[in-house]
>>> print(open('upload.csv').read())   # CSV, C-alpha atoms
chain,number,residue,atom,x,y,z
A,1,MET,CA,24.3,-14.9,14.2
A,2,ALA,CA,24.6,-12.6,11.3
A,3,ALA,CA,23.3,-9.2,11.8
A,4,ILE,CA,23.2,-5.8,10.2
A,5,TYR,CA,24.5,-3.0,12.4
A,6,SER,CA,23.5,0.1,10.5
A,7,LEU,CA,22.2,1.5,7.2
A,8,TYR,CA,23.2,4.7,5.5
A,9,ILE,CA,21.8,6.4,2.4
A,10,ILE,CA,23.8,9.3,0.9
A,11,ASN,CA,22.8,11.5,-2.0
A,12,LYS,CA,25.0,12.2,-4.9
A,13,SER,CA,26.8,15.2,-3.3
A,14,GLY,CA,27.7,13.0,-0.3
A,15,GLY,CA,25.2,14.3,2.2
A,16,LEU,CA,23.6,11.9,4.6
A,17,ILE,CA,19.9,11.6,3.8
A,18,TYR,CA,19.0,8.5,5.8
A,19,TYR,CA,20.5,6.7,8.8
A,20,LYS,CA,19.2,3.8,10.7
A,21,ASP,CA,20.9,1.7,13.3
A,22,TYR,CA,19.9,-1.8,14.4
A,23,GLY,CA,21.1,-2.4,17.9
A,24,SER,CA,23.6,-0.7,20.1
A,25,ALA,CA,26.6,-2.1,18.2
A,26,GLY,CA,26.1,0.3,15.3
A,27,ARG,CA,24.8,3.3,17.2
A,28,MET,CA,26.5,6.7,16.6
A,29,ASP,CA,25.5,10.2,17.4
A,30,THR,CA,24.3,12.4,14.6
A,31,ASN,CA,27.4,14.4,14.0
A,32,ASP,CA,29.5,11.2,13.7
A,33,THR,CA,27.0,9.7,11.2
A,34,LEU,CA,27.3,12.8,9.0
A,35,ARG,CA,31.1,12.6,9.2
A,36,VAL,CA,31.1,8.9,8.3
A,37,ALA,CA,28.8,9.6,5.4
A,38,SER,CA,30.9,12.3,3.8
A,39,LEU,CA,34.0,10.3,4.5
A,40,TRP,CA,32.7,7.3,2.7
A,41,HIS,CA,31.5,9.4,-0.2
A,42,SER,CA,35.0,10.7,-0.6
A,43,MET,CA,36.7,7.3,-0.3
A,44,HIS,CA,34.3,5.9,-2.8
A,45,ALA,CA,35.1,8.6,-5.3
A,46,ILE,CA,38.9,8.3,-4.7
A,47,SER,CA,38.7,4.5,-5.1
A,48,GLN,CA,37.3,5.0,-8.6
A,49,GLN,CA,40.4,6.9,-9.6
A,50,LEU,CA,42.9,4.6,-7.8
A,51,SER,CA,41.6,1.5,-9.4
A,52,PRO,CA,44.1,-0.2,-11.8
A,53,MET,CA,41.2,-1.3,-13.9
A,54,SER,CA,39.4,1.2,-16.1
A,55,GLY,CA,35.7,1.6,-15.7
A,56,CYS,CA,35.7,0.9,-12.0
A,57,SER,CA,32.5,1.9,-10.2
A,58,GLY,CA,33.9,2.3,-6.7
A,59,ILE,CA,34.2,0.2,-3.6
A,60,GLU,CA,31.5,-2.5,-3.2
A,61,LEU,CA,32.8,-4.3,-0.1
A,62,LEU,CA,35.1,-3.3,2.7
A,63,GLN,CA,36.1,-6.1,5.1
A,64,ALA,CA,37.6,-5.5,8.5
A,65,ASP,CA,38.1,-7.5,11.6
A,66,THR,CA,35.0,-6.5,13.4
A,67,PHE,CA,32.6,-5.5,10.5
A,68,ASP,CA,31.9,-5.7,6.8
A,69,LEU,CA,30.7,-2.7,4.9
A,70,HIS,CA,28.7,-3.3,1.7
A,71,CYS,CA,28.0,-0.5,-0.6
A,72,PHE,CA,25.5,-0.2,-3.5
A,73,GLN,CA,25.6,2.7,-5.8
A,74,SER,CA,22.6,3.4,-8.1
A,75,LEU,CA,23.0,4.8,-11.6
A,76,THR,CA,22.1,8.2,-10.3
A,77,GLY,CA,24.9,8.3,-7.8
A,78,THR,CA,22.8,7.7,-4.7
A,79,LYS,CA,24.7,5.3,-2.4
A,80,PHE,CA,23.2,2.7,-0.1
A,81,PHE,CA,25.6,1.2,2.4
A,82,ALA,CA,25.3,-1.1,5.3
A,83,VAL,CA,27.7,-1.9,8.1
A,84,CYS,CA,27.2,-5.5,9.3
A,85,GLU,CA,28.8,-8.4,11.1
A,86,PRO,CA,31.7,-10.0,9.3
A,87,GLY,CA,30.5,-12.8,7.0
A,88,THR,CA,26.9,-11.7,6.7
A,89,GLN,CA,25.4,-13.1,3.5
A,90,GLN,CA,23.0,-11.5,1.0
A,91,ILE,CA,23.4,-7.9,2.0
A,92,GLU,CA,23.8,-7.1,-1.6
A,93,SER,CA,20.3,-8.2,-2.4
A,94,LEU,CA,19.0,-6.5,0.7
A,95,LEU,CA,20.6,-3.2,-0.5
A,96,LYS,CA,19.0,-3.6,-3.9
A,97,TYR,CA,15.7,-4.2,-2.3
A,98,ILE,CA,16.1,-1.1,-0.2
A,99,TYR,CA,16.8,0.8,-3.4
A,100,GLU,CA,13.5,-0.5,-4.7
A,101,LEU,CA,11.7,0.7,-1.6
A,102,TYR,CA,13.5,4.1,-2.0
A,103,THR,CA,12.2,4.4,-5.6
A,104,ASP,CA,8.7,3.5,-4.5
A,105,TYR,CA,8.1,5.2,-1.2
A,106,VAL,CA,10.5,8.2,-1.4
A,107,LEU,CA,10.6,9.2,-5.0
A,108,LYS,CA,6.9,8.8,-5.7
A,109,ASN,CA,6.1,10.9,-2.6
A,110,PRO,CA,5.1,14.4,-3.7
A,111,PHE,CA,6.1,15.8,-0.4
A,112,TYR,CA,9.7,14.6,-0.6
A,113,GLU,CA,12.3,17.1,-1.9
A,114,ILE,CA,15.0,15.4,-3.9
A,115,GLU,CA,18.4,15.1,-2.2
A,116,MET,CA,16.9,16.1,1.2
A,117,PRO,CA,16.8,13.9,4.3
A,118,ILE,CA,14.2,11.2,4.0
A,119,ARG,CA,11.2,11.7,6.3
A,120,CYS,CA,8.7,9.2,4.8
A,121,GLU,CA,6.6,7.1,7.1
A,122,LEU,CA,5.9,4.4,4.5
A,123,PHE,CA,9.6,4.0,3.7
A,124,ASP,CA,10.4,3.5,7.4
A,125,ILE,CA,7.6,1.0,7.8
A,126,ASN,CA,8.5,-1.1,4.8
A,127,LEU,CA,12.2,-0.9,5.6
A,128,THR,CA,11.7,-2.2,9.1
A,129,GLN,CA,9.5,-5.0,7.7
A,130,SER,CA,12.1,-6.1,5.2
A,131,VAL,CA,15.1,-6.0,7.6
A,132,GLN,CA,13.1,-8.1,10.1
A,133,LYS,CA,12.2,-10.6,7.5
A,134,ASP,CA,15.8,-10.8,6.4
A,135,ARG,CA,16.9,-11.3,10.0
A,136,VAL,CA,14.5,-14.1,10.5
A,137,ALA,CA,15.7,-15.7,7.2
A,138,LEU,CA,19.3,-15.4,8.2
A,139,LEU,CA,18.7,-16.9,11.6
A,140,GLY,CA,17.0,-19.8,10.0
A,141,GLN,CA,20.1,-20.7,7.9
B,142,MET,CA,9.2,-3.2,-37.7
B,143,ILE,CA,6.6,-5.3,-35.9
B,144,GLY,CA,3.1,-4.0,-35.6
B,145,VAL,CA,3.4,-1.2,-38.2
B,146,GLY,CA,0.5,-1.4,-40.6
B,147,LYS,CA,-1.6,-3.6,-38.3
B,148,MET,CA,-3.5,-0.5,-36.9
B,149,LYS,CA,-6.1,0.9,-39.2
B,150,GLN,CA,-5.4,4.6,-39.4
B,151,TYR,CA,-8.4,6.8,-38.7
B,152,GLY,CA,-8.7,10.2,-40.4
B,153,ASN,CA,-10.5,11.6,-37.4
B,154,VAL,CA,-10.0,10.6,-33.8
B,155,LEU,CA,-13.7,10.7,-33.3
B,156,ASP,CA,-14.1,7.8,-35.8
B,157,LYS,CA,-12.1,5.4,-33.7
B,158,PRO,CA,-14.3,2.7,-32.1
B,159,LEU,CA,-15.0,3.3,-28.4
B,160,ASN,CA,-14.1,-0.3,-27.5
B,161,LYS,CA,-12.5,-1.6,-24.3
B,162,GLY,CA,-9.0,-0.5,-25.2
B,163,LYS,CA,-6.0,-1.4,-23.0
B,164,THR,CA,-7.2,-1.8,-19.4
B,165,GLU,CA,-3.8,-1.8,-17.8
B,166,VAL,CA,-1.6,1.2,-17.0
B,167,SER,CA,1.7,1.1,-15.3
B,168,LEU,CA,1.2,1.9,-11.6
B,169,SER,CA,4.6,3.6,-11.4
B,170,ALA,CA,3.8,5.8,-14.3
B,171,PHE,CA,0.6,6.9,-12.7
B,172,ALA,CA,2.2,7.4,-9.3
B,173,PHE,CA,4.8,9.7,-10.8
B,174,LEU,CA,2.2,11.6,-12.7
B,175,PHE,CA,0.0,12.0,-9.7
B,176,SER,CA,3.0,13.1,-7.6
B,177,GLU,CA,3.7,15.8,-10.1
B,178,LEU,CA,0.1,16.9,-10.1
B,179,VAL,CA,0.2,17.3,-6.3
B,180,GLN,CA,3.6,19.1,-6.4
B,181,TYR,CA,2.4,21.5,-9.2
B,182,ASN,CA,-0.7,22.4,-7.3
B,183,GLN,CA,1.4,22.9,-4.1
B,184,THR,CA,3.3,25.7,-5.8
B,185,GLN,CA,0.1,27.5,-6.8
B,186,VAL,CA,-1.7,27.7,-3.4
B,187,ASP,CA,-1.2,29.3,-0.1
B,188,ASN,CA,-2.9,26.8,2.2
B,189,ILE,CA,-3.9,23.2,2.5
B,190,GLY,CA,-7.6,23.7,2.1
B,191,GLU,CA,-6.9,25.3,-1.3
B,192,LEU,CA,-4.7,22.4,-2.3
B,193,GLU,CA,-7.5,19.9,-1.4
B,194,ARG,CA,-9.9,21.9,-3.5
B,195,ARG,CA,-7.6,21.9,-6.5
B,196,LEU,CA,-7.1,18.2,-6.3
B,197,GLU,CA,-10.9,17.7,-6.0
B,198,ASP,CA,-11.4,19.9,-9.1
B,199,ALA,CA,-8.9,17.8,-11.0
B,200,GLY,CA,-10.8,14.7,-10.0
B,201,TYR,CA,-14.2,16.2,-10.9
B,202,ALA,CA,-13.1,16.5,-14.5
B,203,VAL,CA,-12.1,12.8,-14.5
B,204,GLY,CA,-15.4,11.8,-12.9
B,205,ALA,CA,-17.5,13.5,-15.4
B,206,ARG,CA,-15.8,11.8,-18.3
B,207,VAL,CA,-15.7,8.4,-16.6
B,208,LEU,CA,-19.4,8.5,-16.1
B,209,GLU,CA,-20.1,9.1,-19.8
B,210,LEU,CA,-17.6,6.4,-20.9
B,211,LEU,CA,-18.8,3.8,-18.5
B,212,CYS,CA,-22.5,4.4,-19.2
B,213,HIS,CA,-21.7,3.8,-22.8
B,214,ARG,CA,-19.4,0.8,-22.4
B,215,ASP,CA,-20.7,-1.1,-19.4
B,216,LYS,CA,-24.3,-0.2,-19.0
B,217,GLY,CA,-25.6,0.1,-22.5
B,218,ASN,CA,-26.6,3.7,-22.2
B,219,ARG,CA,-29.0,3.2,-19.4
B,220,ARG,CA,-28.9,5.7,-16.5
B,221,GLU,CA,-29.4,5.2,-12.8
B,222,THR,CA,-32.3,7.1,-11.3
B,223,ARG,CA,-32.2,5.6,-7.8
B,224,LEU,CA,-29.8,6.5,-5.0
B,225,LEU,CA,-28.7,3.0,-4.2
B,226,GLY,CA,-28.2,2.3,-7.9
B,227,ILE,CA,-25.8,5.1,-8.5
B,228,LEU,CA,-24.0,4.4,-5.2
B,229,SER,CA,-23.4,0.7,-6.2
B,230,PHE,CA,-22.4,1.9,-9.7
B,231,VAL,CA,-19.7,4.0,-8.1
B,232,HIS,CA,-18.7,1.4,-5.6
B,233,SER,CA,-18.4,-1.4,-8.0
B,234,THR,CA,-18.1,-0.4,-11.7
B,235,VAL,CA,-16.2,2.9,-11.4
B,236,TRP,CA,-13.8,1.5,-8.8
B,237,LYS,CA,-13.2,-1.6,-10.8
B,238,VAL,CA,-12.4,0.4,-13.9
B,239,LEU,CA,-10.2,3.0,-12.2
B,240,PHE,CA,-8.5,1.0,-9.5
B,241,GLY,CA,-8.8,-2.6,-10.7
B,242,LYS,CA,-11.0,-3.8,-7.8
B,243,VAL,CA,-14.3,-2.9,-6.2
B,244,ALA,CA,-14.2,-0.7,-3.1
B,245,ASP,CA,-13.9,-2.3,0.2
B,246,SER,CA,-17.2,-1.3,1.6
B,247,LEU,CA,-20.2,0.9,1.2
B,248,GLU,CA,-22.1,2.1,4.3
B,249,LYS,CA,-24.9,4.3,5.2
B,250,GLY,CA,-24.2,7.0,7.7
B,251,THR,CA,-25.8,6.4,11.1
B,252,GLU,CA,-26.1,10.0,12.2
B,253,HIS,CA,-27.5,11.7,9.1
B,254,GLU,CA,-29.9,10.4,6.5
B,255,ASP,CA,-28.0,12.0,3.7
B,256,GLU,CA,-24.6,10.6,4.4
B,257,TYR,CA,-23.0,7.5,2.8
B,258,MET,CA,-19.5,6.3,3.1
B,259,ILE,CA,-17.2,4.3,0.7
B,260,SER,CA,-14.3,2.9,2.6
B,261,GLU,CA,-11.0,1.6,1.4
B,262,LYS,CA,-8.1,0.2,3.3
B,263,GLU,CA,-5.6,2.1,1.2
B,264,LEU,CA,-6.5,4.2,-1.8
B,265,LEU,CA,-4.5,3.4,-4.9
B,266,VAL,CA,-3.5,7.1,-5.3
B,267,ASN,CA,-2.2,7.1,-1.7
B,268,LYS,CA,-0.2,3.9,-2.1
B,269,PHE,CA,3.3,5.6,-2.1
B,270,ILE,CA,2.5,8.8,-0.4
B,271,SER,CA,3.4,9.6,3.2
B,272,ILE,CA,1.9,12.8,4.5
B,273,PRO,CA,4.3,14.9,6.5
B,274,LYS,CA,3.2,15.6,10.1
B,275,ASP,CA,2.8,19.3,9.6
B,276,MET,CA,0.2,18.9,6.9
B,277,GLY,CA,-2.4,17.7,9.5
B,278,THR,CA,-5.4,16.0,8.0
B,279,PHE,CA,-4.6,16.6,4.4
B,280,ASN,CA,-5.5,13.6,2.2
B,281,CYS,CA,-4.5,13.2,-1.4
B,282,GLY,CA,-7.6,11.1,-1.7
B,283,ALA,CA,-9.3,14.4,-2.3
B,284,PHE,CA,-8.6,13.6,-5.9
B,285,VAL,CA,-10.7,10.4,-5.6
B,286,ALA,CA,-13.4,12.4,-3.8
B,287,GLY,CA,-13.5,14.7,-6.7
B,288,ILE,CA,-13.9,11.8,-9.1
B,289,VAL,CA,-16.9,10.6,-7.1
B,290,ARG,CA,-18.4,14.0,-7.0
B,291,GLY,CA,-17.9,14.3,-10.8
B,292,VAL,CA,-19.7,11.0,-11.4
B,293,LEU,CA,-22.6,11.9,-9.0
B,294,ASP,CA,-23.0,15.4,-10.3
B,295,GLY,CA,-23.1,14.2,-13.9
B,296,ALA,CA,-25.7,11.5,-13.0
B,297,GLY,CA,-28.0,14.1,-11.4
B,298,PHE,CA,-27.2,13.4,-7.8
B,299,PRO,CA,-25.4,16.6,-6.5
B,300,ALA,CA,-23.4,15.9,-3.4
B,301,VAL,CA,-20.5,17.2,-1.3
B,302,VAL,CA,-17.8,14.5,-1.3
B,303,THR,CA,-14.7,14.5,1.0
B,304,ALA,CA,-11.9,12.1,1.8
B,305,HIS,CA,-11.0,11.3,5.4
B,306,PHE,CA,-8.4,9.2,7.2
B,307,VAL,CA,-10.0,7.0,9.9
B,308,PRO,CA,-7.5,5.5,12.3
B,309,MET,CA,-8.0,1.9,13.1
B,310,GLU,CA,-6.9,0.1,16.2
B,311,GLY,CA,-4.3,-2.5,15.5
B,312,GLN,CA,-3.4,-1.1,12.1
B,313,GLN,CA,-0.4,1.2,11.5
B,314,ARG,CA,-2.0,3.0,8.6
B,315,PRO,CA,-5.4,4.6,8.9
B,316,ARG,CA,-8.1,3.5,6.4
B,317,THR,CA,-9.6,6.1,4.1
B,318,THR,CA,-13.3,6.9,3.9
B,319,ILE,CA,-14.9,8.9,1.1
B,320,LEU,CA,-17.8,10.7,2.7
B,321,ILE,CA,-20.7,11.5,0.4
B,322,LYS,CA,-23.3,14.0,1.6
B,323,PHE,CA,-26.2,14.3,-0.8
B,324,ALA,CA,-28.1,17.6,-1.5
B,325,GLU,CA,-31.6,18.1,-0.2
B,326,GLU,CA,-33.2,17.8,-3.6
B,327,VAL,CA,-31.8,14.3,-4.1
B,328,LEU,CA,-33.4,13.0,-0.8
B,329,ARG,CA,-36.7,14.6,-1.6
B,330,ARG,CA,-36.7,13.1,-5.1
B,331,GLU,CA,-35.8,9.7,-3.7
B,332,ALA,CA,-38.6,9.9,-1.1
B,333,ARG,CA,-41.0,10.9,-3.9
B,334,LEU,CA,-40.0,7.9,-6.0
B,335,GLY,CA,-40.8,5.7,-3.1
>>> encode(input="upload.csv", output="structure tokens")
Amino acid sequence: MAAIYSLYIINKSGGLIYYKDYGSAGRMDTNDTLRVASLWHSMHAISQQLSPMSGCSGIELLQADTFDLHCFQSLTGTKFFAVCEPGTQQIESLLKYIYELYTDYVLKNPFYEIEMPIRCELFDINLTQSVQKDRVALLGQ
Amino acid sequence: MIGVGKMKQYGNVLDKPLNKGKTEVSLSAFAFLFSELVQYNQTQVDNIGELERRLEDAGYAVGARVLELLCHRDKGNRRETRLLGILSFVHSTVWKVLFGKVADSLEKGTEHEDEYMISEKELLVNKFISIPKDMGTFNCGAFVAGIVRGVLDGAGFPAVVTAHFVPMEGQQRPRTTILIKFAEEVLRREARLG
């Protein structure tokens, strides 16, 4: 059964602005999540330099024994990454959809300060709905 | 260059015909503009009541103009003199032109004679807005309340219009109600007209 363990959103300076875990497999305490976020931000930046091909835009997929990490970077430098079970399909399109939700319910919210942690009710509601829908779709396959 | 030369150039903008024009505007563009309006006003005020008043005033200007435009376009320059007439004008025509659909419902208040309510599951202006907990009962629908007040005032029905969130059981998001409280003179005139 393919499942997503956790979702992170980091701003262009590497600070964690949103963290959501789905189930106990991905759960981490706050300090650890902040560390993971800045760690990933640095690794992503370093990978762009290390790449033998020019014009590399950074790590998109990290595969390990017990998890996969998919990363999507928007044109503005905001990174959306999800830790999920190995072999989960269609996380890329889920991340792009979450980016759309971000542009709608976070960026169009006049009470949201850019680059700050996301505290938007509508974003949470729609995110939960879309991940549930995806879970049901994945289970059905 | 496609399209160049097809538009007749008018010397004076007042000579342009007041026809339908484009009826579609990008929702995202409006959402960003409205978000900026709210943010700008937030920097100018000290408290939430003041912010609501400013949004209402912004809406009032829109309402006054919308009334003139719609009376000319849709109603052939006839004006409403009865209460129910102007209310259904707001509920249907104004809502259709501004938000693309008629309002969800129009009700008469049960407690007071002078209160009417237009309800909407989710106001278009609030579609992407999540109010932070510390702002209490603030509603960006104050802008829409201002529009309604502008229309009613211009039509000769002075009223106090406010926007409220009404929590509904079984729904995560509360619905919005625009409460219209008419002035004394409106009710007296209505009673006289029979």
>>> atom_distance(input="upload.csv", atom1="atom CA of Leu95 of chain A", atom2="atom CA of Cys71 of chain A")
7.9 Å
>>> atom_distance(input="upload.csv", atom1="atom CA of Met116 of chain A", atom2="atom CA of Phe67 of chain A")
28.3 Å
>>> residues_around(input="upload.csv", residues="Leu7 of chain A", least_positions_apart="6", cutoff="10 Å", atoms="all atoms listed in the file", output="PyMOL selection string")
chain A and resi 18-22+26+69-71+80-84+95+98
>>> write_last_selection(input="upload.csv", atoms="C-alpha atoms", output="PDB file, keeping the file's coordinate frame")
ATOM      1  CA  TYR A  18      19.000   8.500   5.800  1.00  0.00           C
ATOM      2  CA  TYR A  19      20.500   6.700   8.800  1.00  0.00           C
ATOM      3  CA  LYS A  20      19.200   3.800  10.700  1.00  0.00           C
ATOM      4  CA  ASP A  21      20.900   1.700  13.300  1.00  0.00           C
ATOM      5  CA  TYR A  22      19.900  -1.800  14.400  1.00  0.00           C
ATOM      6  CA  GLY A  26      26.100   0.300  15.300  1.00  0.00           C
ATOM      7  CA  LEU A  69      30.700  -2.700   4.900  1.00  0.00           C
ATOM      8  CA  HIS A  70      28.700  -3.300   1.700  1.00  0.00           C
ATOM      9  CA  CYS A  71      28.000  -0.500  -0.600  1.00  0.00           C
ATOM     10  CA  PHE A  80      23.200   2.700  -0.100  1.00  0.00           C
ATOM     11  CA  PHE A  81      25.600   1.200   2.400  1.00  0.00           C
ATOM     12  CA  ALA A  82      25.300  -1.100   5.300  1.00  0.00           C
ATOM     13  CA  VAL A  83      27.700  -1.900   8.100  1.00  0.00           C
ATOM     14  CA  CYS A  84      27.200  -5.500   9.300  1.00  0.00           C
ATOM     15  CA  LEU A  95      20.600  -3.200  -0.500  1.00  0.00           C
ATOM     16  CA  ILE A  98      16.100  -1.100  -0.200  1.00  0.00           C
TER      17      ILE A  98
END
>>> residues_around(input="upload.csv", residues="Glu85 of chain A", least_positions_apart="3", cutoff="7 Å", atoms="all atoms listed in the file", output="list of chain:residue names")
A:Ala2, A:Ala3, A:Ile4, A:Thr66, A:Phe67, A:Asp68, A:Thr88
>>> closest_residue(input="upload.csv", among="A:Asn126, A:Thr78, A:Ser57, A:Thr30", to="Ser271 of chain B", atoms="only C-alpha atoms")
A:Asn126
>>> closest_atom_pairs(input="upload.csv", of="chain B", to="chain A", cutoff="6 Å", atoms="all atoms listed in the file", output="tab-separated table")
residue	atom	partner	partner_atom	distance
B:Phe173	CA	A:Lys108	CA	5.6
B:Ser176	CA	A:Pro110	CA	4.6
B:Gln180	CA	A:Pro110	CA	5.6
B:Phe269	CA	A:Tyr105	CA	4.9
B:Ile270	CA	A:Asn109	CA	4.7
B:Ser271	CA	A:Cys120	CA	5.6
>>> residues_around(input="upload.csv", residues="segment 314-331 of chain B", least_positions_apart="4", cutoff="7 Å", atoms="all atoms listed in the file", output="mmCIF file with C-alpha atoms, in the coordinates of the input")
data_model
loop_
_atom_site.group_PDB
_atom_site.id
_atom_site.type_symbol
_atom_site.label_atom_id
_atom_site.label_comp_id
_atom_site.auth_asym_id
_atom_site.auth_seq_id
_atom_site.Cartn_x
_atom_site.Cartn_y
_atom_site.Cartn_z
ATOM 1 C CA ARG B 223 -32.200 5.600 -7.800
ATOM 2 C CA LEU B 224 -29.800 6.500 -5.000
ATOM 3 C CA ASP B 255 -28.000 12.000 3.700
ATOM 4 C CA GLU B 256 -24.600 10.600 4.400
ATOM 5 C CA TYR B 257 -23.000 7.500 2.800
ATOM 6 C CA MET B 258 -19.500 6.300 3.100
ATOM 7 C CA ILE B 259 -17.200 4.300 0.700
ATOM 8 C CA SER B 260 -14.300 2.900 2.600
ATOM 9 C CA GLU B 261 -11.000 1.600 1.400
ATOM 10 C CA LYS B 262 -8.100 0.200 3.300
ATOM 11 C CA GLU B 263 -5.600 2.100 1.200
ATOM 12 C CA LEU B 264 -6.500 4.200 -1.800
ATOM 13 C CA ALA B 286 -13.400 12.400 -3.800
ATOM 14 C CA PHE B 298 -27.200 13.400 -7.800
ATOM 15 C CA PRO B 299 -25.400 16.600 -6.500
ATOM 16 C CA ALA B 300 -23.400 15.900 -3.400
ATOM 17 C CA VAL B 301 -20.500 17.200 -1.300
ATOM 18 C CA VAL B 302 -17.800 14.500 -1.300
ATOM 19 C CA THR B 303 -14.700 14.500 1.000
ATOM 20 C CA ALA B 304 -11.900 12.100 1.800
ATOM 21 C CA HIS B 305 -11.000 11.300 5.400
ATOM 22 C CA PHE B 306 -8.400 9.200 7.200
ATOM 23 C CA VAL B 307 -10.000 7.000 9.900
ATOM 24 C CA PRO B 308 -7.500 5.500 12.300
ATOM 25 C CA MET B 309 -8.000 1.900 13.100
ATOM 26 C CA GLY B 335 -40.800 5.700 -3.100
#
>>> atom_distance(input="upload.csv", atom1="atom CA of Tyr97 of chain A", atom2="atom CA of Phe72 of chain A")
10.7 Å
>>> closest_residue(input="upload.csv", among="A:Ala37, A:Asn11, A:Ala45, A:Tyr5", to="Ser24 of chain A", atoms="all atoms listed in the file")
A:Tyr5
>>> closest_residue(input="upload.csv", among="B:Gly287, B:Ala332, B:Leu265, B:Ala296", to="Ala199 of chain B", atoms="all atoms listed in the file")
B:Gly287
>>> residues_near_point(input="upload.csv", point="(-1.3, 23.0, -0.6)", cutoff="10 Å", atoms="only C-alpha atoms", output="PDB file with C-alpha atoms, in the coordinates of the input")
ATOM      1  CA  VAL B 179       0.200  17.300  -6.300  1.00  0.00           C
ATOM      2  CA  GLN B 180       3.600  19.100  -6.400  1.00  0.00           C
ATOM      3  CA  TYR B 181       2.400  21.500  -9.200  1.00  0.00           C
ATOM      4  CA  ASN B 182      -0.700  22.400  -7.300  1.00  0.00           C
ATOM      5  CA  GLN B 183       1.400  22.900  -4.100  1.00  0.00           C
ATOM      6  CA  THR B 184       3.300  25.700  -5.800  1.00  0.00           C
ATOM      7  CA  GLN B 185       0.100  27.500  -6.800  1.00  0.00           C
ATOM      8  CA  VAL B 186      -1.700  27.700  -3.400  1.00  0.00           C
ATOM      9  CA  ASP B 187      -1.200  29.300  -0.100  1.00  0.00           C
ATOM     10  CA  ASN B 188      -2.900  26.800   2.200  1.00  0.00           C
ATOM     11  CA  ILE B 189      -3.900  23.200   2.500  1.00  0.00           C
ATOM     12  CA  GLY B 190      -7.600  23.700   2.100  1.00  0.00           C
ATOM     13  CA  GLU B 191      -6.900  25.300  -1.300  1.00  0.00           C
ATOM     14  CA  LEU B 192      -4.700  22.400  -2.300  1.00  0.00           C
ATOM     15  CA  GLU B 193      -7.500  19.900  -1.400  1.00  0.00           C
ATOM     16  CA  ARG B 194      -9.900  21.900  -3.500  1.00  0.00           C
ATOM     17  CA  ARG B 195      -7.600  21.900  -6.500  1.00  0.00           C
ATOM     18  CA  LEU B 196      -7.100  18.200  -6.300  1.00  0.00           C
ATOM     19  CA  MET B 276       0.200  18.900   6.900  1.00  0.00           C
ATOM     20  CA  PHE B 279      -4.600  16.600   4.400  1.00  0.00           C
TER      21      PHE B 279
END
>>> closest_residue(input="upload.csv", among="A:Glu115, A:Ile59, A:Glu92, A:Glu100", to="Asp134 of chain A", atoms="all atoms listed in the file")
A:Glu92
>>> closest_residue(input="upload.csv", among="B:Leu225, B:Leu168, B:Val207, B:Leu293", to="Asn267 of chain B", atoms="all atoms listed in the file")
B:Leu168
